[in-house]
Amino acid sequence: MNRFITWCRTFYEKTEENSLLLSIRNGMVLTIPAVMAGSTALLLKSIPIPAYQELLTTKAGAVFANLLNIVQNSTLGIISLIILLAVSYSYARNKSGLNQGVTLLVSLCSYIAFTMGPDFELTGNVFQSTWMFYAILISQISPALFHMLYRFFTRRHTRYAGGNDILIENMLANVLPAIATVSVFAVINRLITLALGGMDLQTALTAFTEYLFLKKGPTLFNGLFFIFDMHFMWFFGIHGSNVLDGVAHNIFEPTVAANMQVLLAGGIPDGIISKTFFDAFVLFGGCGSLLCLVLAILIGDRRDNVRSLTKAAILPALFNINELLMFGIPVVFHPVYFIPFLATPLLLTLVSYLATAAGLVPCAIHSVEWTTPIFLSGYTATGSAAGSLLQLFNLALGTCVYLPFVHLAQVLQKKQTAASIARLTALVQEAENRGRPPALTAHDGRLGQTARALVNELQKAIQEHKLQLYYQPQVRYDRTVAGAEALLRWKIDDAEGFLYPPLVIALATEAGLMDELDSYIIQQTCADISRLAAVTDDDFTVSFNLTPEQFSSPSNIDRILKELSNYPYAQSRLGLEITEQAMFNITPSTEKLLEKVRAHHISIIIDDFGMGHSSMMHMQKSQFDLVKLDGALVRDIAGNSRSRDIVSSILYLSRSLSFEVLGEQVETEEQMEILHRLGCDLFQGYFYSRPIPFEELMEFIQKR
């Protein structure tokens, strides 16, 4: 079992990093709004209540039915076209250098060239679900070929246009690659047409499958092969139900009518395998017995996005409409669900056959609409409650089959997301060292997708107050608590521990969420300061960090002051931490901002002071209340005399310029004692406490 899990994990990671499969799955996710609209229309049109169906035939009901038909035909009715455009867009988005608009047009033209009929006519059925596999295939091959040809041609033709002519020249550079790409698919179309004697590929596939089933009729083996074939095609994007629709009606559907004739003649029906047999006992929730997957996810999956999608899919799944799950999770091309998607229907077919053959459940004697909900369909098909009980058993059995794979999908995605977050964190750290902002959401492939997903989660976390503030106490030499630094903490389900705070800030900055994030931090900090009033004196200060961009923005400072106006008590106890680099790149306008902040009795704190800048002369002109020694100085202070000399100089200036000094990242008693001997009596670091939640901060203060 461990070997199987290891193999699944390796295979999953490889497929997740595969740009082609990733663009297919991301593209299918983009189709969710259209699929939901079409599924809803199909559901409302197909509710199997006779009175309701009769109502739809009335004059007023017909108007409503026509509206539903329009919605269904403009969404699910052209699902192959929608998937073609969505997957092509997803591919182009993940490939730098590709113009997304041109790529979509080339893919569409390539698809039309590939599917055009023998007489050069284009029929609407090429946009329907039966052609889905070819749409997916071309949505990958066409952009890849176009991209390759574009690079080939542009390497040989240098472009010099500038100004307003650059757009025209860029479009002209796409002409030859577009012509060549579409021509390739036109040639393939003609070759296939000639090879098949004038028949298109999809018609040939349908005819071939019907030929295979006509030989043996509605036997158990044929039934199992039918179910396997249908689901194998579905998994790879071929609408197996539609491809095999002729088989279902011509081979399996007559069994129910034959059973009824035997019953009317006084005999006992013995035809087991029928279309109604599959619809009632195997395909509830649609292909893949996806109602079982719905229950498995609700029982065993803790991912909010997957659970939300599944909840939205419950109602369509009850009426055996499965497109939302197939394209939303998606099940199509998902390596983890390949085994249960095929195995569950096969197992339920075999179990249902054995139960019927043993006489536990009557044979189906009534045809039922495929949209008839579970339990009702079992009773209607067999005329017995035993049919509904068999469905209940199958539902439980199928759910048990899906459950371990739901758990495995959750574990693998969590590991994959954690790995991507680790890579994003490394990019942020690298950007910090270079002094440049990272561009996380612009990355291609899985990394960019993870960054964009984190942005969505961050926005949701801000709105739902799921972010946390931890506080690291600041302690004097006599062990009394003088203040605390507020530190942002965010934990998501797919990552172990908290996310690297600068990563959160970088994501918020790229997404334009810093104003919302600042407001959240200010409100929470001020609220906590008010709660600390009972256990602290008036000198107790709580600080939080500002980025250089936040510090130099007048609108941001005004917004902070506006937020603070709601917490008058907190103003004199609040500190703003600004990096040394930002502090000593002050312009006259930012100097005015400093004066404005200090006028509101807010402390100004210089963070990470003493490394990388020769700016002590600026300290005579700047207004601040506290300097926090750079952690690198404190870490080296025991074994590096130069670190001690730098700290000693800063402390000398502090006495003459009347500001206080705090030793940051103090981890040992030795470091604390050396700082004390040099004249520093205020400390922050793991020697005293790690960053802790607010309730633990209250306890920490009360104990001292």
# chains A, B, ... in the order shown; residues from 1 in each chain; ligands from 1
$ residues_around --residues "Leu84 of chain A" --least-positions-apart "4" --cutoff "9 Å" --atoms "only C-alpha atoms" --output "ChimeraX atom specification"
/A:27,79-80,88-89,104,107-108,111,132,134-140
$ residues_around --residues "Ser384 of chain A" --least-positions-apart "5" --cutoff "8 Å" --atoms "only C-alpha atoms" --output "list in words"
Val361, Pro362, Gly378 and Tyr379 of chain A
$ closest_residue --among "A:Phe341, A:His334, A:Tyr353, A:Asp478" --to "Phe278 of chain A" --atoms "only C-alpha atoms"
A:Tyr353
$ closest_residue --among "A:Val187, A:Met326, A:Ala296, A:Ala312" --to "Phe114 of chain A" --atoms "only C-alpha atoms"
A:Val187
$ closest_residue --among "A:Gly497, A:Gly117, A:Pro345, A:Gly266" --to "Arg190 of chain A" --atoms "only C-alpha atoms"
A:Gly117
$ atom_distance --atom1 "atom CA of Val535 of chain A" --atom2 "atom CA of Ser603 of chain A"
20.4 Å
$ closest_residue --among "A:Leu318, A:Leu467, A:Leu593, A:Met698" --to "Leu395 of chain A" --atoms "only C-alpha atoms"
A:Leu318
$ select_by_dssp --residues "segment 527-647 of chain A" --states "alpha helix (DSSP H)" --output "JSON, numbers by chain"
{"A": [527, 528, 529, 530, 531, 532, 548, 549, 550, 551, 554, 555, 556, 557, 558, 559, 560, 561, 562, 563, 564, 568, 569, 570, 571, 580, 581, 582, 583, 588, 589, 590, 591, 592, 593, 594, 595, 596, 597, 598, 599, 631, 632, 633, 634, 635, 636, 641, 642, 643, 644, 645, 646, 647]}
$ write_last_selection --atoms "C-alpha atoms" --output "mmCIF file, in the first residue's frame"
data_model
loop_
_atom_site.group_PDB
_atom_site.id
_atom_site.type_symbol
_atom_site.label_atom_id
_atom_site.label_comp_id
_atom_site.auth_asym_id
_atom_site.auth_seq_id
_atom_site.Cartn_x
_atom_site.Cartn_y
_atom_site.Cartn_z
ATOM 1 C CA ALA A 527 -8.523 46.705 19.889
ATOM 2 C CA ASP A 528 -5.876 44.592 21.622
ATOM 3 C CA ILE A 529 -4.174 47.682 23.082
ATOM 4 C CA SER A 530 -7.500 48.667 24.638
ATOM 5 C CA ARG A 531 -7.831 45.188 26.152
ATOM 6 C CA LEU A 532 -4.287 45.439 27.568
ATOM 7 C CA PRO A 548 8.831 51.818 2.819
ATOM 8 C CA GLU A 549 5.973 52.280 0.330
ATOM 9 C CA GLN A 550 3.413 52.504 3.130
ATOM 10 C CA PHE A 551 5.563 54.909 5.098
ATOM 11 C CA PRO A 554 0.406 60.339 2.481
ATOM 12 C CA SER A 555 -2.905 58.620 1.769
ATOM 13 C CA ASN A 556 -1.779 55.563 3.727
ATOM 14 C CA ILE A 557 -0.710 57.651 6.740
ATOM 15 C CA ASP A 558 -4.006 59.563 6.615
ATOM 16 C CA ARG A 559 -5.872 56.270 6.561
ATOM 17 C CA ILE A 560 -3.939 55.001 9.579
ATOM 18 C CA LEU A 561 -4.744 58.162 11.490
ATOM 19 C CA LYS A 562 -8.389 57.903 10.492
ATOM 20 C CA GLU A 563 -8.549 54.325 11.767
ATOM 21 C CA LEU A 564 -6.881 55.423 14.987
ATOM 22 C CA PRO A 568 -8.306 57.435 21.097
ATOM 23 C CA TYR A 569 -6.855 55.485 24.026
ATOM 24 C CA ALA A 570 -4.572 53.501 21.707
ATOM 25 C CA GLN A 571 -2.804 56.426 19.995
ATOM 26 C CA GLU A 580 16.506 52.020 8.696
ATOM 27 C CA GLN A 581 16.702 52.262 4.920
ATOM 28 C CA ALA A 582 13.262 53.876 4.689
ATOM 29 C CA MET A 583 14.009 56.206 7.598
ATOM 30 C CA PRO A 588 10.754 66.815 2.781
ATOM 31 C CA SER A 589 7.292 65.367 2.134
ATOM 32 C CA THR A 590 7.940 62.283 4.268
ATOM 33 C CA GLU A 591 9.434 64.527 6.980
ATOM 34 C CA LYS A 592 6.058 66.240 7.159
ATOM 35 C CA LEU A 593 4.369 62.854 7.467
ATOM 36 C CA LEU A 594 6.633 62.045 10.417
ATOM 37 C CA GLU A 595 5.692 65.282 12.117
ATOM 38 C CA LYS A 596 2.023 64.549 11.485
ATOM 39 C CA VAL A 597 2.330 61.082 13.046
ATOM 40 C CA ARG A 598 4.212 62.367 16.095
ATOM 41 C CA ALA A 599 1.609 65.088 16.568
ATOM 42 C CA GLY A 631 19.469 41.087 14.779
ATOM 43 C CA ALA A 632 22.764 40.298 13.006
ATOM 44 C CA LEU A 633 24.591 42.639 15.410
ATOM 45 C CA VAL A 634 23.017 40.971 18.434
ATOM 46 C CA ARG A 635 23.743 37.440 17.205
ATOM 47 C CA ASP A 636 27.457 38.251 16.752
ATOM 48 C CA SER A 641 34.295 42.919 18.754
ATOM 49 C CA ARG A 642 33.221 45.049 15.774
ATOM 50 C CA SER A 643 29.581 44.268 16.531
ATOM 51 C CA ARG A 644 30.120 45.364 20.124
ATOM 52 C CA ASP A 645 31.812 48.581 18.936
ATOM 53 C CA ILE A 646 28.905 49.412 16.605
ATOM 54 C CA VAL A 647 26.367 48.761 19.359
#
$ residues_around --residues "Pro143 of chain A" --least-positions-apart "2" --cutoff "10 Å" --atoms "only C-alpha atoms" --output "mmCIF file with N, CA and C atoms, in the first residue's frame"
data_model
loop_
_atom_site.group_PDB
_atom_site.id
_atom_site.type_symbol
_atom_site.label_atom_id
_atom_site.label_comp_id
_atom_site.auth_asym_id
_atom_site.auth_seq_id
_atom_site.Cartn_x
_atom_site.Cartn_y
_atom_site.Cartn_z
ATOM 1 N N VAL A 87 -9.282 26.285 -22.496
ATOM 2 C CA VAL A 87 -7.992 25.595 -22.360
ATOM 3 C C VAL A 87 -6.918 26.304 -23.171
ATOM 4 N N SER A 88 -7.261 26.801 -24.345
ATOM 5 C CA SER A 88 -6.298 27.563 -25.151
ATOM 6 C C SER A 88 -5.847 28.815 -24.406
ATOM 7 N N TYR A 89 -6.810 29.495 -23.792
ATOM 8 C CA TYR A 89 -6.474 30.682 -22.998
ATOM 9 C C TYR A 89 -5.563 30.312 -21.832
ATOM 10 N N TYR A 91 -3.534 27.781 -21.632
ATOM 11 C CA TYR A 91 -2.208 27.449 -22.165
ATOM 12 C C TYR A 91 -1.416 28.725 -22.454
ATOM 13 N N ALA A 92 -2.055 29.678 -23.142
ATOM 14 C CA ALA A 92 -1.375 30.918 -23.511
ATOM 15 C C ALA A 92 -0.983 31.729 -22.281
ATOM 16 N N LYS A 95 2.246 30.522 -20.789
ATOM 17 C CA LYS A 95 3.422 30.560 -21.654
ATOM 18 C C LYS A 95 3.779 32.013 -21.953
ATOM 19 N N LEU A 98 3.331 34.482 -25.571
ATOM 20 C CA LEU A 98 2.157 34.194 -26.398
ATOM 21 C C LEU A 98 1.100 35.277 -26.206
ATOM 22 N N GLN A 100 -2.458 36.183 -25.952
ATOM 23 C CA GLN A 100 -3.598 35.341 -25.592
ATOM 24 C C GLN A 100 -4.742 35.470 -26.587
ATOM 25 N N VAL A 102 -4.639 36.365 -29.826
ATOM 26 C CA VAL A 102 -4.290 35.729 -31.100
ATOM 27 C C VAL A 102 -4.297 34.213 -30.952
ATOM 28 N N THR A 103 -3.815 33.719 -29.824
ATOM 29 C CA THR A 103 -3.785 32.272 -29.589
ATOM 30 C C THR A 103 -5.191 31.682 -29.618
ATOM 31 N N LEU A 104 -6.147 32.373 -28.995
ATOM 32 C CA LEU A 104 -7.536 31.893 -29.019
ATOM 33 C C LEU A 104 -8.069 31.816 -30.448
ATOM 34 N N LEU A 105 -7.795 32.839 -31.241
ATOM 35 C CA LEU A 105 -8.295 32.857 -32.618
ATOM 36 C C LEU A 105 -7.654 31.749 -33.455
ATOM 37 N N VAL A 106 -6.358 31.546 -33.263
ATOM 38 C CA VAL A 106 -5.666 30.488 -34.020
ATOM 39 C C VAL A 106 -6.203 29.118 -33.622
ATOM 40 N N SER A 107 -6.444 28.907 -32.324
ATOM 41 C CA SER A 107 -6.992 27.624 -31.868
ATOM 42 C C SER A 107 -8.378 27.384 -32.449
ATOM 43 N N SER A 110 -8.036 26.596 -36.116
ATOM 44 C CA SER A 110 -7.453 25.259 -36.273
ATOM 45 C C SER A 110 -8.497 24.187 -36.029
ATOM 46 N N ILE A 138 -6.796 19.751 -29.598
ATOM 47 C CA ILE A 138 -6.390 20.864 -30.462
ATOM 48 C C ILE A 138 -6.078 22.109 -29.640
ATOM 49 N N SER A 139 -6.758 22.267 -28.498
ATOM 50 C CA SER A 139 -6.475 23.422 -27.638
ATOM 51 C C SER A 139 -5.067 23.365 -27.057
ATOM 52 N N GLN A 140 -4.434 22.198 -27.106
ATOM 53 C CA GLN A 140 -3.055 22.053 -26.657
ATOM 54 C C GLN A 140 -2.073 22.086 -27.829
ATOM 55 N N ILE A 141 -2.381 21.316 -28.869
ATOM 56 C CA ILE A 141 -1.446 21.197 -29.986
ATOM 57 C C ILE A 141 -1.346 22.512 -30.764
ATOM 58 N N LEU A 145 2.098 24.542 -31.336
ATOM 59 C CA LEU A 145 2.638 24.664 -32.689
ATOM 60 C C LEU A 145 2.758 26.129 -33.094
ATOM 61 N N PHE A 146 1.741 26.907 -32.773
ATOM 62 C CA PHE A 146 1.755 28.339 -33.085
ATOM 63 C C PHE A 146 2.923 29.036 -32.385
ATOM 64 N N HIS A 147 3.136 28.698 -31.126
ATOM 65 C CA HIS A 147 4.228 29.300 -30.361
ATOM 66 C C HIS A 147 5.581 28.941 -30.965
ATOM 67 N N MET A 148 5.742 27.677 -31.344
ATOM 68 C CA MET A 148 7.005 27.227 -31.930
ATOM 69 C C MET A 148 7.274 27.949 -33.255
ATOM 70 N N LEU A 149 6.243 28.043 -34.099
ATOM 71 C CA LEU A 149 6.407 28.709 -35.388
ATOM 72 C C LEU A 149 6.638 30.207 -35.217
ATOM 73 N N ALA A 178 0.320 31.856 -37.841
ATOM 74 C CA ALA A 178 -1.109 31.511 -37.796
ATOM 75 C C ALA A 178 -1.520 30.748 -39.050
ATOM 76 N N THR A 181 -0.074 27.216 -38.885
ATOM 77 C CA THR A 181 -0.733 26.375 -37.878
ATOM 78 C C THR A 181 -2.089 25.883 -38.375
#
$ residues_around --residues "Thr193 of chain A" --least-positions-apart "2" --cutoff "12 Å" --atoms "only C-alpha atoms" --output "list in words"
Phe114, Thr115, Met116, Gly117, Pro118, Asp119, Phe120, Ala186, Val187, Ile188, Asn189, Arg190, Leu191, Ala195, Leu196, Gly197, Gly198, Met199, Asp200, Leu201, Gln202, Thr203 and Ala204 of chain A
$ write_last_selection --atoms "N, CA and C atoms" --output "compact mmCIF listing (two decimals), in the first residue's frame"
# COMPACT_ATOMS: atom_id res chain seq x y z
N PHE A 114 -9.96 21.45 -38.64
CA PHE A 114 -9.86 20.02 -38.34
C PHE A 114 -11.21 19.32 -38.44
N THR A 115 -12.29 20.00 -38.05
CA THR A 115 -13.61 19.36 -37.95
C THR A 115 -14.51 19.61 -39.16
N MET A 116 -14.05 20.40 -40.10
CA MET A 116 -14.89 20.71 -41.26
C MET A 116 -15.21 19.43 -42.04
N GLY A 117 -16.45 19.31 -42.49
CA GLY A 117 -16.93 18.09 -43.14
C GLY A 117 -16.33 17.86 -44.51
N PRO A 118 -16.60 16.70 -45.08
CA PRO A 118 -16.06 16.34 -46.40
C PRO A 118 -16.42 17.32 -47.50
N ASP A 119 -17.61 17.93 -47.38
CA ASP A 119 -18.06 18.88 -48.39
C ASP A 119 -17.75 20.32 -47.99
N PHE A 120 -16.79 20.47 -47.06
CA PHE A 120 -16.34 21.78 -46.59
C PHE A 120 -17.44 22.56 -45.88
N ALA A 186 -5.79 21.73 -41.39
CA ALA A 186 -6.57 21.53 -42.62
C ALA A 186 -6.06 20.29 -43.38
N VAL A 187 -4.74 20.14 -43.43
CA VAL A 187 -4.15 18.97 -44.10
C VAL A 187 -4.52 17.69 -43.37
N ILE A 188 -4.44 17.72 -42.04
CA ILE A 188 -4.82 16.54 -41.25
C ILE A 188 -6.28 16.17 -41.50
N ASN A 189 -7.14 17.16 -41.58
CA ASN A 189 -8.56 16.93 -41.86
C ASN A 189 -8.75 16.19 -43.19
N ARG A 190 -8.07 16.65 -44.22
CA ARG A 190 -8.24 16.02 -45.54
C ARG A 190 -7.68 14.60 -45.54
N LEU A 191 -6.57 14.37 -44.86
CA LEU A 191 -5.99 13.03 -44.81
C LEU A 191 -6.92 12.05 -44.10
N ALA A 195 -8.82 8.82 -45.64
CA ALA A 195 -8.58 7.50 -45.05
C ALA A 195 -9.87 6.82 -44.63
N LEU A 196 -10.87 7.60 -44.23
CA LEU A 196 -12.14 7.03 -43.75
C LEU A 196 -13.21 7.02 -44.83
N GLY A 197 -12.84 7.29 -46.04
CA GLY A 197 -13.79 7.23 -47.14
C GLY A 197 -14.87 8.28 -47.07
N GLY A 198 -14.53 9.48 -46.65
CA GLY A 198 -15.49 10.57 -46.59
C GLY A 198 -16.21 10.70 -45.27
N MET A 199 -15.90 9.84 -44.29
CA MET A 199 -16.56 9.90 -42.98
C MET A 199 -15.68 10.70 -42.00
N ASP A 200 -16.33 11.49 -41.13
CA ASP A 200 -15.53 12.23 -40.16
C ASP A 200 -15.12 11.31 -39.01
N LEU A 201 -14.15 11.76 -38.24
CA LEU A 201 -13.53 10.92 -37.21
C LEU A 201 -14.52 10.50 -36.14
N GLN A 202 -15.37 11.41 -35.69
CA GLN A 202 -16.30 11.10 -34.62
C GLN A 202 -17.36 10.11 -35.07
N THR A 203 -17.87 10.28 -36.28
CA THR A 203 -18.86 9.33 -36.81
C THR A 203 -18.25 7.94 -36.94
N ALA A 204 -17.00 7.88 -37.37
CA ALA A 204 -16.31 6.60 -37.49
C ALA A 204 -16.15 5.93 -36.13
$ closest_residue --among "A:Ala364, A:Met28, A:Val294, A:Leu458" --to "Cys400 of chain A" --atoms "only C-alpha atoms"
A:Val294
$ residues_around --residues "Gly398 of chain A" --least-positions-apart "5" --cutoff "10 Å" --atoms "only C-alpha atoms" --output "ChimeraX atom specification"
/A:282,288-293,295-296,340-341,343-345,347-348,392-393,403
$ residues_around --residues "Thr525 of chain A" --least-positions-apart "4" --cutoff "8 Å" --atoms "only C-alpha atoms" --output "PDB file with C-alpha atoms, in the first residue's frame"
ATOM      1  CA  LEU A 469      -1.764  38.877  15.166  1.00  0.00           C
ATOM      2  CA  ALA A 486       2.521  42.900  16.581  1.00  0.00           C
ATOM      3  CA  ILE A 521      -3.932  45.085  11.355  1.00  0.00           C
ATOM      4  CA  ILE A 529      -4.174  47.682  23.082  1.00  0.00           C
ATOM      5  CA  VAL A 542       2.520  48.002  20.904  1.00  0.00           C
TER       6      VAL A 542
END
$ closest_residue --among "A:Val481, A:Cys680, A:Ile505, A:Ile604" --to "Phe700 of chain A" --atoms "only C-alpha atoms"
A:Val481
$ residues_around --residues "Thr425 of chain A" --least-positions-apart "5" --cutoff "10 Å" --atoms "only C-alpha atoms" --output "count of residues only"
12
$ atom_distance --atom1 "atom CA of Leu20 of chain A" --atom2 "atom CA of Phe228 of chain A"
25.5 Å
$ atom_distance --atom1 "atom CA of Val243 of chain A" --atom2 "atom CA of Gly223 of chain A"
15.4 Å
